[in-house]
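Read through the structure below, which is laid out as structure tokens, and then see the notes.
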Number of protein chains: 2
Amino acid sequence: MNSNRQQSSMTMKDIARELGVSVATVSRALADSPSISRERREAIQAFAREHNYMPNAIAEQLRHSRNAPIKVIGVIVPEFIHYYFASVLTGIEQEASARGYRILVARSAESYEREREICARFMQSKVCGVIVSQAKDTVQYDHFERLMAAGMPLVFYDRICPAINASRVVVDDYMGTLKAVSYLIERGCRRIAFYGTDMNMEIAKNRYNGYKDALYKNGLRLDETLVKVCDNRADAERITPGMMRMAERPDGFFAVNDDTALGILNSVQHLHFVVPDEVQICGFTNDWRATSCEPMLTTVEQRGEEIGRQAVDVLVGLVEGALPADHAEKRMVKTSLVIRGTTK
Amino acid sequence: MNSNRQQSSMTMKDIARELGVSVATVSRALADSPSISRERREAIQAFAREHNYMPNAIAEQLRHSRNAPIKVIGVIVPEFIHYYFASVLTGIEQEASARGYRILVARSAESYEREREICARFMQSKVCGVIVSQAKDTVQYDHFERLMAAGMPLVFYDRICPAINASRVVVDDYMGTLKAVSYLIERGCRRIAFYGTDMNMEIAKNRYNGYKDALYKNGLRLDETLVKVCDNRADAERITPGMMRMAERPDGFFAVNDDTALGILNSVQHLHFVVPDEVQICGFTNDWRATSCEPMLTTVEQRGEEIGRQAVDVLVGLVEGALPADHAEKRMVKTSLVIRGTTK
DNA sequence: AAAATATGTGCAATCGTTTGCGTCAAACGG
DNA sequence: CCGTTTGACGCAAACGATTGCACATATTTT
């Protein structure tokens with residue numbers, strides 16, 4: 001119905017025509033090439049500035065597509081509203097922008113289907129690489145394999161894909177959990193419950209192993225009745241009362257994320273247990289809510305921003321050739337335990 | 001040091017050479033043009049599929065730059081980790097992706113300087129339009145004006161720029177606040193405190209007006225000692241105790257966001273006031289933490305996703321010409337009051 | 001059998017830049 | 001005064017895809 005937008009496209013051709021020179025001269029003048037006479041150069045630059053000429057990035061990219069990479073990174077995030085992913089995204093944006101890259105962002109909504117579509121779109125948008133954390137849903141990896149086969153640099157963060165030998169940046173789940181559970185033991189806990197995610201995600205296994213090893217190293221035995229698949233608040237509130245009514249009730253809880261930990265906290269308080277005197281609780285992430293409960297939550301700081309920055313660092317290395325194309329760089333970011341009121 | 005990436009670029013030229021035809025024929029064959037013989041067409045298509053050829057988006061865009069817009073939207077967000085902005089971003093991504101657009105995302109970190117740089121980068125990335133919520137820092141608008149002067153469609157959300165007559169999608173701050181404060185009055189509050197942001201942001205004024213009008217309409221008078229500039233938890237915890245020790249202490253609080261409301265809740269509980277019996281509290285946003293406090297927070301649902309979707313709808317309208325280029329579409333998204341435990 | 005019509009292809013220009021190479025004039029050395 | 005160097009610029013090809021037009025065969029019409 002309506003006319004199309006103008007987008008104020010002043011091109012080199014326009015400048016050339018206006019100043020009666022060739023396009024090549026304009027190009028060189030704007031690139032400050034010494035092979036153009038001072039006067040002309042300055043005249044052209046002045047003219048360009050006045051009419052605020054901006055080079056057409058599309059054309060530049062097309063021209064350079066043989067050698068220079070397009071500085072756009074595709075980023076796939078399961079959800080924006082989770083504190084952890086938002087902080088990773090912050091780190092990614094920060095580092096990318098510092099390195100002169102832009103980011104194309106998409107949300108998988110934890111769905112394999114959407115993840116697939118996004119990969120396809122990234123592929124044909126000619127991004128220079130992809131940074132991704134898998135959807136929970138994802139159990140087949142054809143889309144990632146297709147990217148790799150096409151030579152697209154790929155970096156996983158957090159939720160990695162064990163079946164694919166790609167670069168990855170993860171938090172040190174094992175040590176983080178081991179230290180946290182050790183701390184609970186040190187503070188007097190003897191029966192520590194573990195609320196974890198479905199074991200098909202790599203991070204779930206590592207945290208579980210950290211938990212087990214902390215127990216063993218401290219001479220405690222593993223009681224499987226204390227291990228539950230539970231990774232959200234609602235489930236935690238459903239399961240916890242039963243746990244607390246066991247003959248030998250837990251005196252400590254470790255949860256794979258703060259949402260779950262908060263559910264536990266709420267549950268035990270409703271049952272009139274005193275935290276941390278009777279029950280101690282430790283979460284994982286250190287999100288917003290960890291400081292808005294009473295008492296405040298002891299938790300493992302997951303350092304999302306650092307993970308994001310590292311992911312970009314690896315990807316840019318791959319893209320610019322600092323790292324061999326087929327190299328799979330594996331980095332681990334250290335956690336730290338943030339001690340607050342839910343532990344003694 | 002290392003060789004450059006391959007990105008497996010199979011071009012039409014490659015197909016043409018391999019099959020001994022011209023590039024034009026390949027182009028037409030892939031476009032399913034009937035002017036190419038059946039056999040050739042199918043042979044070419046098969047070959048392309050097998051070698052998974054993907055059209056070079058860059059080249060396509062360059063070619064179409066005269067008439068077809070580039071389907072990439074630039075999005076500027078102050079912070080990713082705030083629940084509200086994360087939900088707006090979710091809405092933007094969802095609608096954009098549904099309409100076949102991709103989003104280039106950047107974070108201003110509440111800084112005017114960064115906002116400026118981002119605008120410049122978006123400009124030369126040739127995005128088809130920009131969706132932005134201003135940084136708190138921003139008091140001059142030259143960067144936005146430059147975008148508009150260049151004919152770039154621009155849509156503000158949430159924090160609009162009153163000095164610029166651009167399209168905008170905002171939440172109904174006035175009515176949201178009016179309804180919330182009216183509800184507090186209905187539940188028995190007579191002295192309601194208002195914690196608001198610095199009044200140079202449009203949303204702050206509107207919420208304040210909603211507060212005032214709710215008071216007047218219910219025959220209460222405005223007491224300026226109950227109005228504070230305070231928009232975060234730390235400040236709320238600093239200010240609130242003083243308020244509660246006033247001769248005539250407030251019996252209700254309205255805060256411009258949930259973070260602040262939670263600070264109030266925490267403060268008054270430490271002073272051993274019972275919520276909601278002695279003090280009632282209402283926030284604004286309905287973020288994650290609103291359900292992880294005790295009692296849970298009554299708050300105004302801000303519907304970030306809807307705002308994001310509407311913003312994309314307006315922008316796409318502008319880009320594709322459904323709306324006149326110079327039209328400034330102003331939309332308002334209705335809020336709803338979510339009643340929980342901090343009110344009677 | 002000549003002319004008109006299909007049918008299937010290729011040529012070349014185009015989008016906006018970049019860049020190797022050629023050109024042309026002025027200046028220089030001898 | 002002629003050959004060579006130098007400086008300043010233009011020509012044209014290239015990046016990958018699209019498309020109007022021309023061209024060459026076949027097929028049909030008079």
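Here, A, B, ... name the chains of the structure tokens in the order displayed, residue numbers run from 1 inside each chain, and ligands are numbered from 1 in the same displayed order.
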
Chain B on chain A, least-squares, complete ordered Cα pairing, as a compact mmCIF listing (two decimals) with C-alpha atoms, in the first residue's frame:
# COMPACT_ATOMS: atom_id res chain seq x y z
CA MET B 1 0.10 0.01 0.12
CA ASN B 2 2.70 2.48 1.17
CA SER B 3 5.96 3.40 -0.50
CA ASN B 4 9.10 1.67 0.66
CA ARG B 5 11.55 3.14 3.09
CA GLN B 6 14.43 5.26 1.99
CA GLN B 7 17.05 4.42 4.59
CA SER B 8 18.92 7.43 3.24
CA SER B 9 21.35 5.34 1.29
CA MET B 10 24.10 7.56 0.07
CA THR B 11 26.43 5.39 -1.95
CA MET B 12 29.87 5.91 -3.36
CA LYS B 13 28.26 6.18 -6.72
CA ASP B 14 26.24 9.16 -5.54
CA ILE B 15 29.32 10.87 -4.23
CA ALA B 16 31.19 10.11 -7.41
CA ARG B 17 28.45 11.52 -9.62
CA GLU B 18 28.09 14.63 -7.49
CA LEU B 19 31.79 15.38 -7.48
CA GLY B 20 32.43 14.30 -11.04
CA VAL B 21 34.93 11.58 -10.25
CA SER B 22 34.92 7.83 -10.52
CA VAL B 23 33.72 5.44 -7.86
CA ALA B 24 37.21 4.03 -7.54
CA THR B 25 38.55 7.42 -6.63
CA VAL B 26 35.91 7.85 -3.98
CA SER B 27 36.72 4.47 -2.54
CA ARG B 28 40.40 5.26 -2.34
CA ALA B 29 39.83 8.72 -1.00
CA LEU B 30 37.70 7.41 1.83
CA ALA B 31 40.32 4.79 2.57
CA ASP B 32 42.81 7.64 2.83
CA SER B 33 44.92 6.22 0.07
CA PRO B 34 47.94 8.43 -0.68
CA SER B 35 47.49 7.81 -4.36
CA ILE B 36 44.70 10.35 -4.41
CA SER B 37 45.65 14.01 -4.36
CA ARG B 38 45.27 15.78 -1.08
CA GLU B 39 42.63 18.21 -2.26
CA ARG B 40 40.38 15.65 -3.84
CA ARG B 41 40.76 13.36 -0.90
CA GLU B 42 39.73 16.01 1.55
CA ALA B 43 36.94 17.27 -0.63
CA ILE B 44 35.53 13.79 -0.94
CA GLN B 45 35.89 13.06 2.74
CA ALA B 46 34.24 16.34 3.62
CA PHE B 47 31.37 15.68 1.27
CA ALA B 48 30.92 12.21 2.66
CA ARG B 49 30.93 13.47 6.21
CA GLU B 50 28.46 16.22 5.48
CA HIS B 51 25.99 13.91 3.82
CA ASN B 52 26.77 11.37 6.47
CA TYR B 53 27.67 8.62 4.14
CA MET B 54 27.96 5.15 5.68
CA PRO B 55 29.53 2.28 3.83
CA ASN B 56 27.05 -0.42 2.95
CA ALA B 57 27.96 -3.25 5.26
CA ILE B 58 26.21 -5.78 3.06
CA ALA B 59 28.29 -4.94 0.06
CA GLU B 60 31.47 -4.89 2.09
CA GLN B 61 30.72 -8.31 3.46
CA LEU B 62 29.93 -9.73 0.08
CA ARG B 63 33.15 -8.39 -1.26
CA HIS B 64 35.14 -9.78 1.63
CA SER B 65 33.30 -13.04 1.89
CA ARG B 66 36.29 -14.83 0.43
CA ASN B 67 38.70 -13.93 3.15
CA ALA B 68 37.22 -11.83 5.95
CA PRO B 69 34.62 -13.47 8.15
CA ILE B 70 31.31 -11.79 8.78
CA LYS B 71 31.40 -10.54 12.31
CA VAL B 72 28.07 -11.81 13.48
CA ILE B 73 27.71 -14.58 16.02
CA GLY B 74 24.54 -16.62 16.33
CA VAL B 75 23.53 -17.24 19.93
CA ILE B 76 20.94 -19.77 21.06
CA VAL B 77 19.54 -19.45 24.56
CA PRO B 78 16.94 -21.79 26.07
CA GLU B 79 15.16 -19.00 27.95
CA PHE B 80 15.82 -15.31 28.51
CA ILE B 81 14.03 -15.04 31.82
CA HIS B 82 16.30 -17.36 33.76
CA TYR B 83 18.84 -15.43 35.71
CA TYR B 84 21.66 -17.69 34.72
CA PHE B 85 21.06 -17.53 30.99
CA ALA B 86 20.53 -13.80 31.17
CA SER B 87 23.89 -13.43 32.81
CA VAL B 88 25.59 -15.64 30.23
CA LEU B 89 24.01 -13.53 27.53
CA THR B 90 25.35 -10.44 29.23
CA GLY B 91 28.84 -11.90 29.14
CA ILE B 92 28.49 -12.91 25.51
CA GLU B 93 27.24 -9.52 24.43
CA GLN B 94 29.97 -7.76 26.34
CA GLU B 95 32.86 -9.75 24.96
CA ALA B 96 31.45 -9.91 21.45
CA SER B 97 30.91 -6.21 21.31
CA ALA B 98 34.40 -5.58 22.65
CA ARG B 99 35.82 -7.73 19.87
CA GLY B 100 33.79 -5.99 17.20
CA TYR B 101 31.23 -8.73 16.75
CA ARG B 102 27.47 -8.45 16.80
CA ILE B 103 25.12 -11.11 18.07
CA LEU B 104 22.04 -12.58 16.48
CA VAL B 105 20.01 -13.99 19.34
CA ALA B 106 17.31 -16.62 19.36
CA ARG B 107 15.44 -18.52 22.05
CA SER B 108 14.85 -22.24 21.75
CA ALA B 109 12.18 -22.27 24.45
CA GLU B 110 13.66 -25.63 25.45
CA SER B 111 12.35 -27.14 22.21
CA TYR B 112 14.31 -29.30 19.81
CA GLU B 113 12.14 -28.22 16.91
CA ARG B 114 12.84 -24.57 17.43
CA GLU B 115 16.51 -25.27 17.96
CA ARG B 116 16.59 -26.94 14.59
CA GLU B 117 14.89 -24.08 12.81
CA ILE B 118 17.19 -21.61 14.46
CA CYS B 119 20.24 -23.52 13.30
CA ALA B 120 18.93 -23.51 9.75
CA ARG B 121 18.29 -19.79 9.87
CA PHE B 122 21.73 -19.09 11.30
CA MET B 123 23.25 -21.22 8.60
CA GLN B 124 21.72 -19.24 5.82
CA SER B 125 22.22 -15.91 7.54
CA LYS B 126 25.90 -16.74 7.18
CA VAL B 127 26.79 -16.06 10.78
CA CYS B 128 30.46 -16.69 11.43
CA GLY B 129 29.80 -19.11 14.26
CA VAL B 130 27.25 -20.29 16.78
CA ILE B 131 27.19 -20.33 20.57
CA VAL B 132 24.56 -22.60 22.02
CA SER B 133 23.21 -24.20 25.15
CA GLN B 134 21.04 -27.14 24.28
CA ALA B 135 17.33 -27.31 24.91
CA LYS B 136 16.20 -29.82 27.53
CA ASP B 137 14.22 -31.48 24.80
CA THR B 138 17.16 -32.18 22.57
CA VAL B 139 18.21 -35.80 22.31
CA GLN B 140 19.20 -35.96 18.66
CA TYR B 141 21.92 -33.83 17.26
CA ASP B 142 21.52 -33.84 13.50
CA HIS B 143 21.15 -30.07 13.39
CA PHE B 144 24.41 -29.52 15.24
CA GLU B 145 26.15 -32.08 13.13
CA ARG B 146 24.95 -30.34 10.00
CA LEU B 147 26.41 -27.08 11.22
CA MET B 148 29.74 -28.70 11.92
CA ALA B 149 29.75 -30.51 8.61
CA ALA B 150 29.28 -27.17 6.94
CA GLY B 151 32.38 -25.96 8.72
CA MET B 152 30.54 -23.64 11.06
CA PRO B 153 32.46 -23.02 14.28
CA LEU B 154 30.37 -24.14 17.21
CA VAL B 155 30.74 -23.56 20.93
CA PHE B 156 28.53 -25.09 23.58
CA TYR B 157 28.10 -23.54 26.97
CA ASP B 158 26.62 -24.98 30.10
CA ARG B 159 24.49 -27.71 28.60
CA ILE B 160 26.89 -29.41 26.30
CA CYS B 161 26.27 -32.10 23.79
CA PRO B 162 28.46 -35.06 24.80
CA ALA B 163 27.91 -36.84 21.51
CA ILE B 164 29.55 -34.06 19.57
CA ASN B 165 33.19 -33.24 19.82
CA ALA B 166 32.84 -29.49 19.72
CA SER B 167 34.30 -26.73 21.83
CA ARG B 168 32.64 -26.16 25.13
CA VAL B 169 32.70 -23.86 28.10
CA VAL B 170 31.19 -25.19 31.26
CA VAL B 171 31.08 -24.40 34.89
CA ASP B 172 32.97 -26.73 37.17
CA ASP B 173 29.89 -28.58 38.30
CA TYR B 174 31.79 -31.36 39.93
CA MET B 175 34.04 -29.24 42.10
CA GLY B 176 31.32 -26.74 42.83
CA THR B 177 29.05 -29.41 44.16
CA LEU B 178 31.85 -31.21 45.94
CA LYS B 179 32.87 -28.08 47.78
CA ALA B 180 29.31 -27.15 48.64
CA VAL B 181 28.41 -30.57 50.00
CA SER B 182 31.70 -30.74 51.86
CA TYR B 183 30.85 -27.44 53.44
CA LEU B 184 27.47 -28.77 54.58
CA ILE B 185 29.23 -31.73 56.16
CA GLU B 186 31.76 -29.46 57.80
CA ARG B 187 28.87 -27.51 59.32
CA GLY B 188 27.48 -30.62 60.87
CA CYS B 189 25.16 -32.20 58.31
CA ARG B 190 25.20 -36.00 58.25
CA ARG B 191 22.19 -36.80 56.08
CA ILE B 192 22.27 -34.61 53.01
CA ALA B 193 19.58 -34.85 50.37
CA PHE B 194 20.38 -34.24 46.69
CA TYR B 195 17.79 -32.76 44.33
CA GLY B 196 19.03 -33.07 40.78
CA THR B 197 17.93 -32.86 37.19
CA ASP B 198 17.17 -35.69 34.88
CA MET B 199 20.44 -37.58 34.48
CA ASN B 200 20.63 -37.36 30.70
CA MET B 201 22.15 -33.92 30.91
CA GLU B 202 25.85 -33.85 31.46
CA ILE B 203 25.69 -31.21 34.16
CA ALA B 204 23.36 -33.39 36.19
CA LYS B 205 25.82 -36.26 36.24
CA ASN B 206 28.74 -34.09 37.20
CA ARG B 207 26.91 -32.51 40.08
CA TYR B 208 25.75 -35.88 41.27
CA ASN B 209 29.29 -37.20 41.18
CA GLY B 210 30.47 -34.21 43.17
CA TYR B 211 27.82 -35.00 45.75
CA LYS B 212 28.78 -38.65 45.97
CA ASP B 213 32.48 -37.95 46.23
CA ALA B 214 31.98 -35.37 48.94
CA LEU B 215 30.11 -37.99 50.91
CA TYR B 216 32.77 -40.66 50.42
CA LYS B 217 35.68 -38.41 51.16
CA ASN B 218 34.07 -37.53 54.46
CA GLY B 219 33.28 -41.08 55.36
CA LEU B 220 29.53 -40.83 54.84
CA ARG B 221 27.62 -43.44 52.92
CA LEU B 222 25.26 -42.72 50.05
CA ASP B 223 21.59 -43.21 50.90
CA GLU B 224 19.62 -43.42 47.68
CA THR B 225 16.37 -42.49 49.38
CA LEU B 226 17.87 -39.05 49.77
CA VAL B 227 18.47 -38.60 46.04
CA LYS B 228 15.60 -37.16 44.02
CA VAL B 229 15.00 -36.00 40.50
CA CYS B 230 13.68 -32.52 41.16
CA ASP B 231 14.73 -29.27 39.53
CA ASN B 232 12.02 -26.72 40.20
CA ARG B 233 10.22 -25.09 43.01
CA ALA B 234 6.83 -26.73 42.55
CA ASP B 235 8.29 -30.24 42.63
CA ALA B 236 10.46 -29.35 45.58
CA GLU B 237 7.44 -28.24 47.55
CA ARG B 238 5.66 -31.43 46.66
CA ILE B 239 8.49 -33.78 47.55
CA THR B 240 10.10 -32.15 50.54
CA PRO B 241 7.38 -32.67 53.18
CA GLY B 242 7.60 -36.42 52.62
CA MET B 243 11.35 -36.30 53.06
CA MET B 244 11.04 -34.43 56.32
CA ARG B 245 8.66 -37.00 57.73
CA MET B 246 11.09 -39.84 57.16
CA ALA B 247 12.27 -41.73 60.21
CA GLU B 248 15.72 -40.34 59.71
CA ARG B 249 14.99 -37.02 58.11
CA PRO B 250 17.65 -35.12 56.16
CA ASP B 251 19.51 -32.41 58.04
CA GLY B 252 20.85 -30.81 54.87
CA PHE B 253 19.78 -30.24 51.28
CA PHE B 254 21.74 -29.63 48.14
CA ALA B 255 19.71 -28.49 45.13
CA VAL B 256 20.91 -28.09 41.53
CA ASN B 257 19.44 -24.64 41.28
CA ASP B 258 18.19 -21.84 43.46
CA ASP B 259 14.59 -22.19 42.40
CA THR B 260 14.53 -25.67 43.83
CA ALA B 261 16.46 -24.62 46.93
CA LEU B 262 13.89 -21.93 47.58
CA GLY B 263 11.13 -24.48 47.28
CA ILE B 264 12.88 -26.58 49.90
CA LEU B 265 13.35 -23.58 52.16
CA ASN B 266 9.72 -22.68 51.92
CA SER B 267 8.61 -26.25 52.58
CA VAL B 268 10.70 -26.89 55.64
CA GLN B 269 9.77 -23.52 57.12
CA HIS B 270 6.10 -24.34 56.72
CA LEU B 271 6.76 -27.51 58.65
CA HIS B 272 8.25 -25.29 61.37
CA PHE B 273 11.80 -26.43 61.05
CA VAL B 274 14.31 -23.73 61.81
CA VAL B 275 16.82 -22.92 59.09
CA PRO B 276 19.75 -23.22 59.46
CA ASP B 277 19.63 -24.61 63.01
CA GLU B 278 17.71 -27.77 62.22
CA VAL B 279 18.08 -27.95 58.45
CA GLN B 280 20.73 -26.44 56.21
CA ILE B 281 20.23 -25.70 52.54
CA CYS B 282 22.53 -24.96 49.63
CA GLY B 283 21.54 -24.02 46.10
CA PHE B 284 23.37 -23.53 42.82
CA THR B 285 23.43 -20.41 40.60
CA ASN B 286 23.23 -17.44 42.95
CA ASP B 287 20.34 -15.81 41.21
CA TRP B 288 18.29 -12.78 42.16
CA ARG B 289 16.12 -14.55 44.64
CA ALA B 290 19.01 -15.90 46.66
CA THR B 291 19.14 -12.63 48.54
CA SER B 292 15.43 -12.04 48.81
CA CYS B 293 14.50 -14.85 51.11
CA GLU B 294 14.79 -15.16 54.86
CA PRO B 295 17.35 -16.35 55.74
CA MET B 296 19.26 -15.64 52.57
CA LEU B 297 20.40 -18.60 50.53
CA THR B 298 23.83 -20.18 50.63
CA THR B 299 24.58 -21.12 47.06
CA VAL B 300 27.22 -21.90 44.46
CA GLU B 301 28.03 -18.88 42.34
CA GLN B 302 27.89 -20.03 38.75
CA ARG B 303 29.54 -17.03 37.10
CA GLY B 304 27.39 -16.85 34.00
CA GLU B 305 29.03 -13.74 32.63
CA GLU B 306 32.44 -15.33 32.74
CA ILE B 307 31.11 -18.34 30.89
CA GLY B 308 29.65 -16.08 28.23
CA ARG B 309 32.91 -14.22 27.81
CA GLN B 310 34.93 -17.40 27.55
CA ALA B 311 32.52 -18.82 24.99
CA VAL B 312 33.04 -15.79 22.78
CA ASP B 313 36.77 -15.97 23.29
CA VAL B 314 36.83 -19.57 22.07
CA LEU B 315 34.52 -18.87 19.16
CA VAL B 316 36.48 -15.87 17.97
CA GLY B 317 39.63 -17.95 18.24
CA LEU B 318 38.06 -20.52 15.98
CA VAL B 319 36.74 -17.95 13.53
CA GLU B 320 39.88 -15.92 13.23
CA GLY B 321 42.12 -18.92 13.05
CA ALA B 322 43.97 -18.58 16.36
CA LEU B 323 42.65 -22.06 17.05
CA PRO B 324 42.69 -24.82 14.42
CA ALA B 325 39.30 -25.20 12.79
CA ASP B 326 38.77 -28.75 13.91
CA HIS B 327 40.06 -28.18 17.42
CA ALA B 328 37.65 -28.73 20.27
CA GLU B 329 38.60 -26.36 23.05
CA LYS B 330 37.27 -27.38 26.43
CA ARG B 331 37.23 -24.83 29.18
CA MET B 332 35.98 -24.98 32.70
CA VAL B 333 35.04 -22.01 34.80
CA LYS B 334 35.61 -22.19 38.52
CA THR B 335 32.72 -21.66 40.88
CA SER B 336 32.81 -20.18 44.34
CA LEU B 337 30.64 -20.89 47.32
CA VAL B 338 28.60 -17.94 48.55
CA ILE B 339 27.86 -18.50 52.20
CA ARG B 340 24.72 -16.89 53.56
CA GLY B 341 22.03 -17.65 56.11
CA THR B 342 20.75 -21.07 55.13
CA THR B 343 23.90 -22.70 56.46
CA LYS B 344 25.44 -22.38 59.91

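DSSP on the backbone gives strand (DSSP E) for these parts of segment 121-251 of chain A: Gly129, Val130, Ile131, Val132, Leu154, Val155, Phe156, Tyr157, Ser167, Arg168, Val169, Val170, Val171, Ile192, Ala193, Phe194, Tyr195, Gly196, Val227, Lys228 and Val229 of chain A.
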
Selected residues, N, CA and C atoms, written as an mmCIF file, in the first residue's frame, please.
data_model
loop_
_atom_site.group_PDB
_atom_site.id
_atom_site.type_symbol
_atom_site.label_atom_id
_atom_site.label_comp_id
_atom_site.auth_asym_id
_atom_site.auth_seq_id
_atom_site.Cartn_x
_atom_site.Cartn_y
_atom_site.Cartn_z
ATOM 1 N N GLY A 129 29.631 -17.976 13.277
ATOM 2 C CA GLY A 129 29.754 -19.040 14.256
ATOM 3 C C GLY A 129 28.549 -19.044 15.165
ATOM 4 N N VAL A 130 28.403 -20.097 15.946
ATOM 5 C CA VAL A 130 27.218 -20.230 16.790
ATOM 6 C C VAL A 130 27.625 -20.602 18.215
ATOM 7 N N ILE A 131 26.997 -19.936 19.163
ATOM 8 C CA ILE A 131 27.179 -20.268 20.572
ATOM 9 C C ILE A 131 25.845 -20.779 21.082
ATOM 10 N N VAL A 132 25.864 -21.951 21.692
ATOM 11 C CA VAL A 132 24.576 -22.546 22.046
ATOM 12 C C VAL A 132 24.605 -23.318 23.364
ATOM 13 N N LEU A 154 31.455 -23.823 16.293
ATOM 14 C CA LEU A 154 30.356 -24.076 17.228
ATOM 15 C C LEU A 154 30.918 -24.139 18.638
ATOM 16 N N VAL A 155 30.310 -23.405 19.547
ATOM 17 C CA VAL A 155 30.746 -23.468 20.942
ATOM 18 C C VAL A 155 29.539 -23.703 21.835
ATOM 19 N N PHE A 156 29.610 -24.749 22.631
ATOM 20 C CA PHE A 156 28.545 -25.012 23.592
ATOM 21 C C PHE A 156 28.893 -24.358 24.923
ATOM 22 N N TYR A 157 27.884 -23.920 25.617
ATOM 23 C CA TYR A 157 28.117 -23.455 26.985
ATOM 24 C C TYR A 157 27.107 -24.124 27.898
ATOM 25 N N SER A 167 33.806 -27.428 20.722
ATOM 26 C CA SER A 167 34.324 -26.636 21.834
ATOM 27 C C SER A 167 33.230 -26.417 22.869
ATOM 28 N N ARG A 168 33.649 -26.236 24.097
ATOM 29 C CA ARG A 168 32.661 -26.047 25.147
ATOM 30 C C ARG A 168 33.228 -25.259 26.311
ATOM 31 N N VAL A 169 32.345 -24.494 26.904
ATOM 32 C CA VAL A 169 32.725 -23.750 28.099
ATOM 33 C C VAL A 169 31.702 -24.090 29.157
ATOM 34 N N VAL A 170 32.170 -24.694 30.215
ATOM 35 C CA VAL A 170 31.225 -25.096 31.256
ATOM 36 C C VAL A 170 31.697 -24.617 32.616
ATOM 37 N N VAL A 171 30.767 -24.624 33.525
ATOM 38 C CA VAL A 171 31.104 -24.299 34.882
ATOM 39 C C VAL A 171 31.639 -25.583 35.508
ATOM 40 N N ILE A 192 22.508 -35.710 53.897
ATOM 41 C CA ILE A 192 22.295 -34.635 52.939
ATOM 42 C C ILE A 192 21.525 -35.128 51.719
ATOM 43 N N ALA A 193 20.415 -34.471 51.448
ATOM 44 C CA ALA A 193 19.605 -34.838 50.282
ATOM 45 C C ALA A 193 20.144 -34.132 49.046
ATOM 46 N N PHE A 194 19.975 -34.783 47.894
ATOM 47 C CA PHE A 194 20.423 -34.212 46.618
ATOM 48 C C PHE A 194 19.233 -34.129 45.674
ATOM 49 N N TYR A 195 18.888 -32.929 45.252
ATOM 50 C CA TYR A 195 17.816 -32.731 44.262
ATOM 51 C C TYR A 195 18.475 -32.362 42.935
ATOM 52 N N GLY A 196 18.385 -33.273 41.993
ATOM 53 C CA GLY A 196 19.070 -33.019 40.728
ATOM 54 C C GLY A 196 18.156 -33.096 39.518
ATOM 55 N N VAL A 227 18.222 -39.146 47.276
ATOM 56 C CA VAL A 227 18.509 -38.591 45.956
ATOM 57 C C VAL A 227 17.223 -38.504 45.129
ATOM 58 N N LYS A 228 16.897 -37.310 44.675
ATOM 59 C CA LYS A 228 15.644 -37.135 43.938
ATOM 60 C C LYS A 228 15.877 -36.409 42.622
ATOM 61 N N VAL A 229 15.041 -36.753 41.642
ATOM 62 C CA VAL A 229 15.027 -35.952 40.425
ATOM 63 C C VAL A 229 14.043 -34.818 40.645
#

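Closest to DA4 of chain C among D:DA14, D:DT30, D:DT19, D:DC1 is D:DT30, based on only C-alpha atoms (C1' of nucleotides).
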
(Q) What's the separation between atom C1' of DC21 of chain D and atom C1' of DT9 of chain C, in Å to one decimal place? (A) 12.1 Å

Q: Compute the set of chain D residues within 8 Å of chain B, using only C-alpha atoms (C1' of nucleotides), and express it as a list in words.
A: DG16, DA17 and DT18 of chain D

Would you output that residue set with C-alpha atoms (C1' of nucleotides), as a PDB file, in the first residue's frame?
ATOM      1  C1'  DG D  16      26.659 -14.295  -5.399  1.00  0.00           C
ATOM      2  C1'  DA D  17      22.323 -13.894  -6.921  1.00  0.00           C
ATOM      3  C1'  DT D  18      18.337 -12.176 -10.163  1.00  0.00           C
TER       4       DT D  18
END

Give me, as a JSON list (two decimals) with C-alpha atoms (C1' of nucleotides), in the first residue's frame, the contact residues of chain C against chain B at a cut-off of 10 Å, counting only C-alpha atoms (C1' of nucleotides).
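As a result, selection11.json now contains:
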[["chain", "number", "residue", "atom", "x", "y", "z"],
["C", 7, "DT", "C1'", 10.61, -23.83, -25.79],
["C", 8, "DG", "C1'", 14.83, -23.78, -23.48],
["C", 9, "DT", "C1'", 19.21, -21.32, -22.58],
["C", 10, "DG", "C1'", 22.83, -17.91, -22.18],
["C", 11, "DC", "C1'", 24.46, -12.99, -22.00],
["C", 14, "DT", "C1'", 22.53, -4.84, -11.62],
["C", 15, "DC", "C1'", 23.02, -4.27, -6.26],
["C", 16, "DG", "C1'", 27.61, -1.32, -3.56]]

Between chain C and segment 4-12 of chain D, at 10 Å or less, what are the per-residue closest atom pairs and their distances in Å? Count only C-alpha atoms (C1' of nucleotides), order by chain and rising residue number, and return it as CSV.
residue,atom,partner,partner_atom,distance
C:DG20,C1',D:DA12,C1',9.9
C:DC21,C1',D:DC11,C1',9.0
C:DG22,C1',D:DC11,C1',8.0
C:DT23,C1',D:DG10,C1',8.1
C:DC24,C1',D:DC9,C1',9.0
C:DA25,C1',D:DA8,C1',9.3
C:DA26,C1',D:DG7,C1',8.8
C:DA27,C1',D:DT6,C1',8.0
C:DC28,C1',D:DT5,C1',7.4
C:DG29,C1',D:DT4,C1',8.4
